[in-house]
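Coordinates from input20.pdb are shown below (PDB, C-alpha atoms, pLDDT in the B column).
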ATOM      1  CA  MET A  24      24.322   6.417   4.043  1.00 61.00           C
ATOM      2  CA  ASP A  25      23.497   3.120   2.473  1.00 82.00           C
ATOM      3  CA  ILE A  26      20.202   3.192   0.518  1.00 78.00           C
ATOM      4  CA  PHE A  27      18.898   0.104   2.341  1.00 83.00           C
ATOM      5  CA  LYS A  28      19.522   1.682   5.755  1.00 86.00           C
ATOM      6  CA  ARG A  29      17.873   4.888   4.599  1.00 81.00           C
ATOM      7  CA  TYR A  30      14.838   2.939   3.368  1.00 80.00           C
ATOM      8  CA  ILE A  31      14.498   1.111   6.711  1.00 83.00           C
ATOM      9  CA  GLU A  32      14.777   4.456   8.510  1.00 83.00           C
ATOM     10  CA  TYR A  33      12.000   5.857   6.280  1.00 83.00           C
ATOM     11  CA  ILE A  34       9.722   2.917   7.145  1.00 80.00           C
ATOM     12  CA  ARG A  35      10.441   3.119  10.879  1.00 83.00           C
ATOM     13  CA  ASP A  36       9.815   6.880  11.011  1.00 83.00           C
ATOM     14  CA  ASN A  37       6.112   6.389  11.688  1.00 81.00           C
ATOM     15  CA  PRO A  38       5.060   8.353  14.803  1.00 81.00           C
ATOM     16  CA  GLU A  39       1.391   8.392  13.726  1.00 85.00           C
ATOM     17  CA  GLY A  40       1.290   4.579  13.544  1.00 85.00           C
ATOM     18  CA  TYR A  41       0.182   4.407   9.912  1.00 89.00           C
ATOM     19  CA  TRP A  42      -0.444   0.952   8.471  1.00 91.00           C
ATOM     20  CA  PHE A  43       0.628   2.228   5.040  1.00 91.00           C
ATOM     21  CA  LYS A  44       3.195   4.865   4.077  1.00 89.00           C
ATOM     22  CA  ARG A  45       3.638   6.608   0.752  1.00 84.00           C
ATOM     23  CA  LYS A  46       5.602   4.728  -1.840  1.00 84.00           C
ATOM     24  CA  LEU A  47       9.002   6.227  -2.509  1.00 81.00           C
ATOM     25  CA  TYR A  48       8.424   6.350  -6.261  1.00 84.00           C
ATOM     26  CA  GLY A  49       5.053   7.074  -7.832  1.00 83.00           C
ATOM     27  CA  TRP A  50       1.617   7.341  -6.251  1.00 86.00           C
ATOM     28  CA  GLY A  51       0.205   4.934  -3.715  1.00 84.00           C
ATOM     29  CA  TRP A  52       1.096   3.147  -0.520  1.00 88.00           C
ATOM     30  CA  MET A  53       3.252   0.371   0.832  1.00 89.00           C
ATOM     31  CA  PRO A  54       2.451  -1.627   3.966  1.00 91.00           C
ATOM     32  CA  VAL A  55       4.713  -0.878   6.924  1.00 91.00           C
ATOM     33  CA  LYS A  56       2.925  -2.550   9.849  1.00 91.00           C
ATOM     34  CA  TRP A  57       1.582  -6.065  10.241  1.00 92.00           C
ATOM     35  CA  GLN A  58      -1.975  -4.759   9.892  1.00 92.00           C
ATOM     36  CA  GLY A  59      -1.131  -3.344   6.473  1.00 91.00           C
ATOM     37  CA  TRP A  60       0.380  -6.642   5.393  1.00 94.00           C
ATOM     38  CA  LEU A  61      -2.784  -8.416   6.585  1.00 96.00           C
ATOM     39  CA  VAL A  62      -4.918  -6.093   4.443  1.00 94.00           C
ATOM     40  CA  VAL A  63      -2.717  -6.862   1.419  1.00 94.00           C
ATOM     41  CA  ALA A  64      -3.019 -10.600   2.095  1.00 96.00           C
ATOM     42  CA  CYS A  65      -6.827 -10.310   2.311  1.00 94.00           C
ATOM     43  CA  ALA A  66      -6.943  -8.374  -0.962  1.00 94.00           C
ATOM     44  CA  VAL A  67      -4.803 -11.025  -2.668  1.00 94.00           C
ATOM     45  CA  ALA A  68      -7.086 -13.724  -1.231  1.00 95.00           C
ATOM     46  CA  PHE A  69     -10.177 -11.982  -2.682  1.00 93.00           C
ATOM     47  CA  VAL A  70      -8.535 -11.779  -6.100  1.00 91.00           C
ATOM     48  CA  ALA A  71      -7.320 -15.388  -6.011  1.00 92.00           C
ATOM     49  CA  PHE A  72     -10.711 -16.675  -4.823  1.00 90.00           C
ATOM     50  CA  GLY A  73     -12.474 -14.723  -7.565  1.00 89.00           C
ATOM     51  CA  PHE A  74     -10.201 -16.180 -10.233  1.00 87.00           C
ATOM     52  CA  TYR A  75     -10.605 -19.671  -8.750  1.00 88.00           C
ATOM     53  CA  ILE A  76     -14.412 -19.444  -8.804  1.00 86.00           C
ATOM     54  CA  GLY A  77     -14.328 -17.863 -12.252  1.00 80.00           C
ATOM     55  CA  GLU A  78     -12.192 -20.685 -13.607  1.00 78.00           C
ATOM     56  CA  THR A  79     -13.992 -23.637 -11.992  1.00 75.00           C
ATOM     57  CA  ASP A  80     -17.566 -22.430 -12.580  1.00 73.00           C
ATOM     58  CA  ASP A  81     -16.852 -20.793 -15.952  1.00 77.00           C
ATOM     59  CA  ALA A  82     -18.006 -17.454 -14.532  1.00 78.00           C
ATOM     60  CA  PRO A  83     -15.680 -14.661 -15.671  1.00 79.00           C
ATOM     61  CA  GLY A  84     -17.775 -12.172 -13.694  1.00 83.00           C
ATOM     62  CA  ALA A  85     -16.583 -13.788 -10.462  1.00 85.00           C
ATOM     63  CA  ALA A  86     -12.981 -13.101 -11.421  1.00 85.00           C
ATOM     64  CA  LEU A  87     -13.776  -9.463 -12.147  1.00 88.00           C
ATOM     65  CA  LEU A  88     -15.730  -9.149  -8.907  1.00 90.00           C
ATOM     66  CA  GLY A  89     -12.823 -10.610  -6.919  1.00 89.00           C
ATOM     67  CA  LEU A  90     -10.437  -8.167  -8.582  1.00 91.00           C
ATOM     68  CA  LEU A  91     -12.684  -5.192  -7.847  1.00 93.00           C
ATOM     69  CA  VAL A  92     -13.259  -6.215  -4.219  1.00 93.00           C
ATOM     70  CA  GLY A  93      -9.505  -6.728  -3.707  1.00 92.00           C
ATOM     71  CA  PHE A  94      -8.688  -3.263  -5.051  1.00 93.00           C
ATOM     72  CA  ALA A  95     -11.541  -1.702  -3.071  1.00 94.00           C
ATOM     73  CA  VAL A  96     -10.203  -3.221   0.157  1.00 93.00           C
ATOM     74  CA  LEU A  97      -6.719  -1.856  -0.553  1.00 92.00           C
ATOM     75  CA  PHE A  98      -7.944   1.649  -1.400  1.00 92.00           C
ATOM     76  CA  PHE A  99     -10.334   1.808   1.548  1.00 93.00           C
ATOM     77  CA  PHE A 100      -7.704   0.881   4.113  1.00 92.00           C
ATOM     78  CA  GLY A 101      -5.024   2.878   2.316  1.00 89.00           C
ATOM     79  CA  TYR A 102      -7.043   6.060   2.701  1.00 91.00           C
ATOM     80  CA  ARG A 103      -8.252   5.285   6.215  1.00 91.00           C
ATOM     81  CA  LYS A 104      -5.019   3.978   7.753  1.00 90.00           C
ATOM     82  CA  GLY A 105      -2.314   5.449   5.536  1.00 86.00           C
ATOM     83  CA  GLU A 106      -0.564   8.701   4.800  1.00 86.00           C
ATOM     84  CA  LYS A 107      -2.228  11.140   2.433  1.00 84.00           C
ATOM     85  CA  PRO A 108      -1.290   9.950  -1.066  1.00 81.00           C
ATOM     86  CA  ARG A 109       0.684  12.159  -3.430  1.00 78.00           C
ATOM     87  CA  TRP A 110       3.226  11.795  -6.178  1.00 83.00           C
ATOM     88  CA  GLN A 111       6.694  11.288  -4.795  1.00 81.00           C
ATOM     89  CA  TRP A 112       9.991  10.591  -6.465  1.00 84.00           C
ATOM     90  CA  GLY A 113      12.611   9.476  -3.951  1.00 76.00           C
ATOM     91  CA  PHE A 114      13.023  10.060  -0.257  1.00 78.00           C
ATOM     92  CA  PRO A 115      11.112  13.042   1.164  1.00 76.00           C
ATOM     93  CA  LYS A 116      13.125  16.122   1.978  1.00 74.00           C
ATOM     94  CA  ASP A 117      13.843  16.883   5.628  1.00 60.00           C
ATOM     95  CA  GLU A 118      11.902  19.804   7.109  1.00 46.00           C
ATOM     96  CA  GLU A 119      15.176  21.473   8.214  1.00 34.00           C
ATOM     97  CA  GLU A 120      16.491  21.281   4.674  1.00 35.00           C
ATOM     98  CA  ILE A 121      13.383  23.005   3.280  1.00 36.00           C
ATOM     99  CA  GLY A 122      13.252  25.638   6.019  1.00 38.00           C
ATOM    100  CA  GLY A 123      16.959  26.410   5.737  1.00 39.00           C
ATOM    101  CA  ARG A 124      16.807  27.544   2.120  1.00 38.00           C
TER     102      ARG A 124
END

Take the structure in the file and give it back as structure tokens.
Amino acid sequence: MDIFKRYIEYIRDNPEGYWFKRKLYGWGWMPVKWQGWLVVACAVAFVAFGFYIGETDDAPGAALLGLLVGFAVLFFFGYRKGEKPRWQWGFPKDEEEIGGR
């Protein structure tokens, strides 16, 4: 199966309706529903606004605060509306494959 098709199938296999699913490689989440993408956009907006205020008002603390708030928003919604995080390297194994061994 083509890797792109397999990736799309992984994203669409979401019976619980998670906003974020586990990343395929590493630890963390990736947005898979529009709500997840909205959370990412809000986090980016917080970071950008913090850097904008920090640059125009010569307040480096505002940039740091924007960065921290952006990451806090991502982690909060990742834990609340996403799969349980864990280290993963590649596509998850099918349950039949594990049970059949």

Query - Residues in the PyMOL selection byres ((chain A and resi 55-57) around 9), expressed as an MDAnalysis selection string - result: chainID A and resid 34:35 37 40:44 53:54 58:62

Query raised in the report: So which residues touch region 27-29 of chain A within 12 Å, counting only C-alpha atoms, skipping near sequence neighbours fewer than 3 positions away, as a list in words?
Result: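 The filter keeps Met24, Glu32, Tyr33, Ile34, Arg35, Asp36, Leu47, Gly113, Phe114 and Pro115 of chain A.
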
Report task. Could you list the residues chosen by the PyMOL selection byres ((chain A and resi 102) around 12) in this structure as a list in words? Result -> Tyr41, Trp42, Phe43, Lys44, Arg45, Gly51, Trp52, Met53, Gly59, Ala95, Val96, Leu97, Phe98, Phe99, Phe100, Gly101, Arg103, Lys104, Gly105, Glu106, Lys107, Pro108 and Arg109 of chain A

**Report entry** Residues near Gly93 (chain A), cut-off 7 Å, only C-alpha atoms, skip fewer than 3 positions along chain, as number ranges by chain
**Finding:** A: 66-67, 69-70, 89-90, 96-97

Keeping only C-alpha atoms, write those residues as a compact mmCIF listing (two decimals), in the frame of the given file.
# COMPACT_ATOMS: atom_id res chain seq x y z
CA ALA A 66 -6.94 -8.37 -0.96
CA VAL A 67 -4.80 -11.02 -2.67
CA PHE A 69 -10.18 -11.98 -2.68
CA VAL A 70 -8.54 -11.78 -6.10
CA GLY A 89 -12.82 -10.61 -6.92
CA LEU A 90 -10.44 -8.17 -8.58
CA VAL A 96 -10.20 -3.22 0.16
CA LEU A 97 -6.72 -1.86 -0.55

Query raised in the report: Nearest to Cys65 (chain A) among A:Phe94, A:Trp110, A:Tyr48, A:Tyr30, with distances taken over all atoms listed in the file: which residue is it?
Result: A:Phe94

Query raised in the report: What does the distance from CA of Phe72 (chain A) to CA of Ala86 (chain A) come to in Å, to one decimal?
Result: 7.8 Å

Query raised in the report: What is the CA of Val63 (chain A) to CA of Val92 (chain A) distance in Å?
Result: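 Separation of CA of Val63 (chain A) and CA of Val92 (chain A): 12.0 Å.
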